[in-house]
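Below is one structure, written out as structure tokens, with a few remarks after it.
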Amino acid sequence: MHRQPDQRQELGAFLRSRRERLTPDEVGLPSTGRRRTPGLRREELALLAGISATWYTYLEQGRDIRTSNQVLDALASVLRLDGYERGHLFRLAGHAPADDADEPEPLAAEAAAVPLLLQPHPAYIIGGTYDVLSHNQAAGELFPHLTAATADRPANFARWVFLEPAARDVLVDWEPDARGLLARLRTLAGRHPGDPRYTRLIDELKAGSPDVRAWWPRYDVQARQGGRKRLRHPRRGTVEYVYTAFHLAGAPDQTLVIYSDDRETAG
């Protein structure tokens with residue numbers, strides 16, 4: 001994949017920022033006294049990653065040079081990048097991280113606890129590809145089979161809407177709700193071009209839903225937002241809910257969604 005100049009500059013800045021946060025002691029190199037700049041020197045990082053110091057310098061300078069998965073893996077290892085940082089490095093370099101699909105999307109423990117605190121109001125947290133990362137009991141009751149997951153197939157709200165038969169019963173206005181969700185999914189996919197997580201999900205939805213196959217070419221886009229939704233509750237019948245969406249600080253693709261009975265908010 002060809003990288004644009006701004007993307008190359010961002011890659012260089014990202015590498016430099018991570019290099020400067022490491023010390024020689026942390027990577028097993030002898031200390032050489034006072035340094036004019038923080039962190040590792042370029043030559044030291046290149047040595048540890050097994051690459052040319054000149055080539056690495058060009059990479060930080062934003063020059064248009066090609067990088068292999070092996071080199072990116074070596075840099076990620078030396079720089080001690082976590083899963084999110086590693087994925088960001090690969091995407092800036094024009095590569096899709098090979099193991100994106102195998103790593104569950106990380107969610108901070110304090111954030112995961114929030115839906116539980118909101119009981120009895122249905123609440124859940126979804127990731128960028130609509131994986132359900134956390135939910136409370138009320139959400140599990142309101143959306144039957146939504147939170148069912150396996151080791152290789154996480155619970156996913158988009159998959160539930162289009163592929164779970166119960167969704168058409170729960171969502172009283174299924175078609176406009178489903179169209180809106182698909183438009184939001186396209187918007188998110190557009191922010192992550194080439195990301196295999198979106199490609200796999202969209203291919204799965206197209207294969208299983210004639211509605212997705214018909215609507216996807218229309219290229220509708222929409223931001224995640226709040227609003228009103230009529231849902232069929234298993235005990236209370238049809239209820240009009242007000243729902244609100246909050247983006248998590250530090251993880252803008254992750255969204256906390258809270259439902260409340262419209263009659264309660266009106267009172």
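Following the order of the structure tokens, first chain is A, next is B, and so on, with residues numbered from 1 inside each chain and ligands from 1 in the order they appear.
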
- request: Please return as JSON, numbers by chain: the residues of segment 28-178 of chain A that backbone DSSP assigns to alpha helix (DSSP H).
  value: {"A": [42, 43, 44, 45, 46, 47, 48, 49, 53, 54, 55, 56, 57, 58, 59, 60, 69, 70, 71, 72, 73, 74, 75, 76, 77, 78, 83, 84, 85, 86, 87, 88, 89, 90, 91, 92, 109, 110, 111, 112, 114, 115, 116, 117, 137, 138, 139, 140, 141, 142, 157, 158, 159, 160, 161, 162, 163, 167, 168, 169, 170, 174, 175, 176, 177, 178]}

- request: Write out as a VMD selection string the residues lying within 8 Å of segment 134-143 of chain A, counting only C-alpha atoms and excluding same-chain residues fewer than 3 positions away.
  value: chain A and resid 112 to 113 115 to 116 118 to 126 146 to 147 167 170 232 to 234

Restricting the output to N, CA and C atoms, write the selected residues as a PDB file, in the first residue's frame.
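Output file out.pdb follows:
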ATOM      1  N   ALA A 112     -15.124  -1.110  31.806  1.00  0.00           N
ATOM      2  CA  ALA A 112     -15.964  -2.307  31.715  1.00  0.00           C
ATOM      3  C   ALA A 112     -16.985  -2.374  32.841  1.00  0.00           C
ATOM      4  N   ALA A 113     -16.684  -1.768  33.988  1.00  0.00           N
ATOM      5  CA  ALA A 113     -17.583  -1.821  35.140  1.00  0.00           C
ATOM      6  C   ALA A 113     -18.750  -0.849  35.027  1.00  0.00           C
ATOM      7  N   PRO A 115     -21.276  -0.258  32.750  1.00  0.00           N
ATOM      8  CA  PRO A 115     -22.630  -0.787  32.522  1.00  0.00           C
ATOM      9  C   PRO A 115     -23.228  -1.461  33.744  1.00  0.00           C
ATOM     10  N   LEU A 116     -22.407  -2.115  34.543  1.00  0.00           N
ATOM     11  CA  LEU A 116     -22.911  -2.773  35.745  1.00  0.00           C
ATOM     12  C   LEU A 116     -23.454  -1.751  36.736  1.00  0.00           C
ATOM     13  N   LEU A 118     -24.899   0.936  35.989  1.00  0.00           N
ATOM     14  CA  LEU A 118     -26.098   1.573  35.444  1.00  0.00           C
ATOM     15  C   LEU A 118     -27.345   0.691  35.522  1.00  0.00           C
ATOM     16  N   GLN A 119     -27.213  -0.546  35.979  1.00  0.00           N
ATOM     17  CA  GLN A 119     -28.363  -1.419  36.195  1.00  0.00           C
ATOM     18  C   GLN A 119     -29.364  -0.689  37.113  1.00  0.00           C
ATOM     19  N   PRO A 120     -30.663  -0.670  36.840  1.00  0.00           N
ATOM     20  CA  PRO A 120     -31.409  -1.529  35.903  1.00  0.00           C
ATOM     21  C   PRO A 120     -31.587  -0.959  34.497  1.00  0.00           C
ATOM     22  N   HIS A 121     -30.916   0.139  34.161  1.00  0.00           N
ATOM     23  CA  HIS A 121     -31.021   0.666  32.807  1.00  0.00           C
ATOM     24  C   HIS A 121     -30.154  -0.182  31.871  1.00  0.00           C
ATOM     25  N   PRO A 122     -30.692  -0.665  30.753  1.00  0.00           N
ATOM     26  CA  PRO A 122     -29.869  -1.430  29.816  1.00  0.00           C
ATOM     27  C   PRO A 122     -28.682  -0.595  29.343  1.00  0.00           C
ATOM     28  N   ALA A 123     -27.504  -1.171  29.395  1.00  0.00           N
ATOM     29  CA  ALA A 123     -26.289  -0.441  28.986  1.00  0.00           C
ATOM     30  C   ALA A 123     -25.246  -1.438  28.506  1.00  0.00           C
ATOM     31  N   TYR A 124     -24.487  -1.015  27.523  1.00  0.00           N
ATOM     32  CA  TYR A 124     -23.393  -1.848  27.031  1.00  0.00           C
ATOM     33  C   TYR A 124     -22.327  -0.943  26.416  1.00  0.00           C
ATOM     34  N   ILE A 125     -21.140  -1.504  26.242  1.00  0.00           N
ATOM     35  CA  ILE A 125     -20.042  -0.819  25.558  1.00  0.00           C
ATOM     36  C   ILE A 125     -19.710  -1.611  24.307  1.00  0.00           C
ATOM     37  N   ILE A 126     -19.668  -0.936  23.163  1.00  0.00           N
ATOM     38  CA  ILE A 126     -19.304  -1.572  21.908  1.00  0.00           C
ATOM     39  C   ILE A 126     -18.001  -0.981  21.388  1.00  0.00           C
ATOM     40  N   LEU A 146     -27.903 -11.547  22.254  1.00  0.00           N
ATOM     41  CA  LEU A 146     -26.873 -10.581  21.849  1.00  0.00           C
ATOM     42  C   LEU A 146     -25.530 -10.917  22.468  1.00  0.00           C
ATOM     43  N   THR A 147     -25.525 -11.272  23.732  1.00  0.00           N
ATOM     44  CA  THR A 147     -24.255 -11.419  24.452  1.00  0.00           C
ATOM     45  C   THR A 147     -23.675 -12.824  24.343  1.00  0.00           C
ATOM     46  N   ALA A 167     -33.886 -10.281  16.552  1.00  0.00           N
ATOM     47  CA  ALA A 167     -33.721  -8.832  16.431  1.00  0.00           C
ATOM     48  C   ALA A 167     -34.923  -8.189  15.756  1.00  0.00           C
ATOM     49  N   VAL A 170     -37.534  -7.757  18.455  1.00  0.00           N
ATOM     50  CA  VAL A 170     -37.191  -6.784  19.498  1.00  0.00           C
ATOM     51  C   VAL A 170     -37.221  -5.370  18.953  1.00  0.00           C
ATOM     52  N   ARG A 232     -39.234  -4.071  21.978  1.00  0.00           N
ATOM     53  CA  ARG A 232     -40.212  -4.972  22.578  1.00  0.00           C
ATOM     54  C   ARG A 232     -39.542  -5.706  23.741  1.00  0.00           C
ATOM     55  N   HIS A 233     -39.891  -5.301  24.961  1.00  0.00           N
ATOM     56  CA  HIS A 233     -39.304  -5.878  26.169  1.00  0.00           C
ATOM     57  C   HIS A 233     -39.984  -7.220  26.457  1.00  0.00           C
ATOM     58  N   PRO A 234     -39.228  -8.233  26.915  1.00  0.00           N
ATOM     59  CA  PRO A 234     -39.827  -9.554  27.129  1.00  0.00           C
ATOM     60  C   PRO A 234     -40.920  -9.580  28.192  1.00  0.00           C
TER      61      PRO A 234
END

query: Leaving out Ala223 of chain A and any residue of its chain fewer than 3 positions from it, which residues lie within 10 Å of it when counting only C-alpha atoms, given as a PyMOL selection string?
result: chain A and resi 180-181+183-188+226

message: Give me the residues near Ala155 of chain A as a ChimeraX atom specification, where near means some atom within 8 Å (using only C-alpha atoms) and where sequence neighbours in that chain fewer than 3 positions away do not count.
response: /A:131-133,146-150

Using N, CA and C atoms, can you write the selected residues to a file as a compact mmCIF listing (two decimals), in the first residue's frame?
# COMPACT_ATOMS: atom_id res chain seq x y z
N ASP A 131 -18.34 -4.98 18.28
CA ASP A 131 -18.20 -6.06 19.27
C ASP A 131 -18.70 -5.55 20.62
N VAL A 132 -19.46 -6.38 21.33
CA VAL A 132 -19.97 -6.01 22.65
C VAL A 132 -18.87 -6.32 23.67
N LEU A 133 -18.26 -5.28 24.23
CA LEU A 133 -17.12 -5.44 25.12
C LEU A 133 -17.53 -5.57 26.58
N LEU A 146 -27.90 -11.55 22.25
CA LEU A 146 -26.87 -10.58 21.85
C LEU A 146 -25.53 -10.92 22.47
N THR A 147 -25.52 -11.27 23.73
CA THR A 147 -24.25 -11.42 24.45
C THR A 147 -23.68 -12.82 24.34
N ALA A 148 -24.30 -13.70 23.55
CA ALA A 148 -23.72 -15.02 23.33
C ALA A 148 -22.44 -14.87 22.52
N ALA A 149 -21.38 -15.50 22.98
CA ALA A 149 -20.08 -15.37 22.31
C ALA A 149 -19.32 -16.69 22.42
N THR A 150 -18.41 -16.91 21.50
CA THR A 150 -17.50 -18.05 21.55
C THR A 150 -16.07 -17.52 21.54

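With only C-alpha atoms as the basis for measurement, A:Arg16 is the residue among A:Arg16, A:Arg179, A:Arg224, A:His88 that approaches Glu60 of chain A most closely.
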
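Among the candidates A:Arg168, A:Arg21, A:Arg228, A:Arg66, the one nearest to Val78 of chain A when counting only C-alpha atoms is A:Arg21.
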
field: Residue with smallest distance to Gly62 of chain A - pool A:Leu201, A:Val114, A:Ala13, A:Val27, counting only C-alpha atoms
entry: A:Ala13

field: All residues 10 Å or closer to Leu75 of chain A, only C-alpha atoms, same chain fewer than 3 positions away omitted, as a list in words
entry: Leu15, Arg19, Leu45, Ala46, Leu48, Ala49, Gly50, Ile51, Tyr56, Asn69, Gln70, Val71, Leu72, Val78, Leu79, Arg80, Leu81, Arg86 and Leu89 of chain A

How would the residues just picked look written out with N, CA and C atoms as a compact mmCIF listing (two decimals), in the first residue's frame?
# COMPACT_ATOMS: atom_id res chain seq x y z
N LEU A 15 7.34 6.60 15.70
CA LEU A 15 8.54 5.84 16.05
C LEU A 15 9.45 6.65 16.97
N ARG A 19 10.65 5.66 20.70
CA ARG A 19 12.10 5.47 20.94
C ARG A 19 12.55 6.33 22.12
N LEU A 45 18.63 1.69 18.59
CA LEU A 45 17.39 1.01 18.24
C LEU A 45 17.58 0.16 17.00
N ALA A 46 18.27 0.70 16.00
CA ALA A 46 18.51 -0.04 14.77
C ALA A 46 19.31 -1.31 15.05
N LEU A 48 19.43 -3.06 17.86
CA LEU A 48 18.59 -4.02 18.57
C LEU A 48 17.55 -4.66 17.64
N ALA A 49 17.08 -3.90 16.65
CA ALA A 49 16.08 -4.43 15.72
C ALA A 49 16.71 -5.19 14.55
N GLY A 50 18.04 -5.12 14.44
CA GLY A 50 18.72 -5.84 13.36
C GLY A 50 18.56 -5.20 12.01
N ILE A 51 18.51 -3.86 11.97
CA ILE A 51 18.37 -3.15 10.70
C ILE A 51 19.45 -2.07 10.60
N TYR A 56 16.88 3.14 9.14
CA TYR A 56 15.95 3.52 10.20
C TYR A 56 15.82 5.05 10.27
N ASN A 69 6.81 -6.83 7.07
CA ASN A 69 6.20 -7.23 8.33
C ASN A 69 7.26 -7.64 9.34
N GLN A 70 8.34 -8.28 8.86
CA GLN A 70 9.38 -8.73 9.78
C GLN A 70 10.07 -7.56 10.46
N VAL A 71 10.35 -6.51 9.69
CA VAL A 71 10.99 -5.33 10.27
C VAL A 71 10.05 -4.64 11.25
N LEU A 72 8.79 -4.53 10.90
CA LEU A 72 7.82 -3.90 11.80
C LEU A 72 7.67 -4.71 13.09
N VAL A 78 11.24 -4.34 20.03
CA VAL A 78 12.25 -3.53 20.70
C VAL A 78 11.62 -2.34 21.41
N LEU A 79 10.64 -1.73 20.79
CA LEU A 79 9.99 -0.55 21.36
C LEU A 79 8.96 -0.90 22.44
N ARG A 80 8.73 -2.20 22.62
CA ARG A 80 7.81 -2.69 23.65
C ARG A 80 6.40 -2.13 23.46
N LEU A 81 5.92 -2.20 22.24
CA LEU A 81 4.58 -1.70 21.93
C LEU A 81 3.52 -2.68 22.41
N ARG A 86 1.04 -1.53 18.42
CA ARG A 86 1.58 -2.33 17.33
C ARG A 86 0.67 -2.22 16.10
N LEU A 89 1.21 1.08 14.46
CA LEU A 89 2.46 1.09 13.71
C LEU A 89 2.27 0.44 12.34
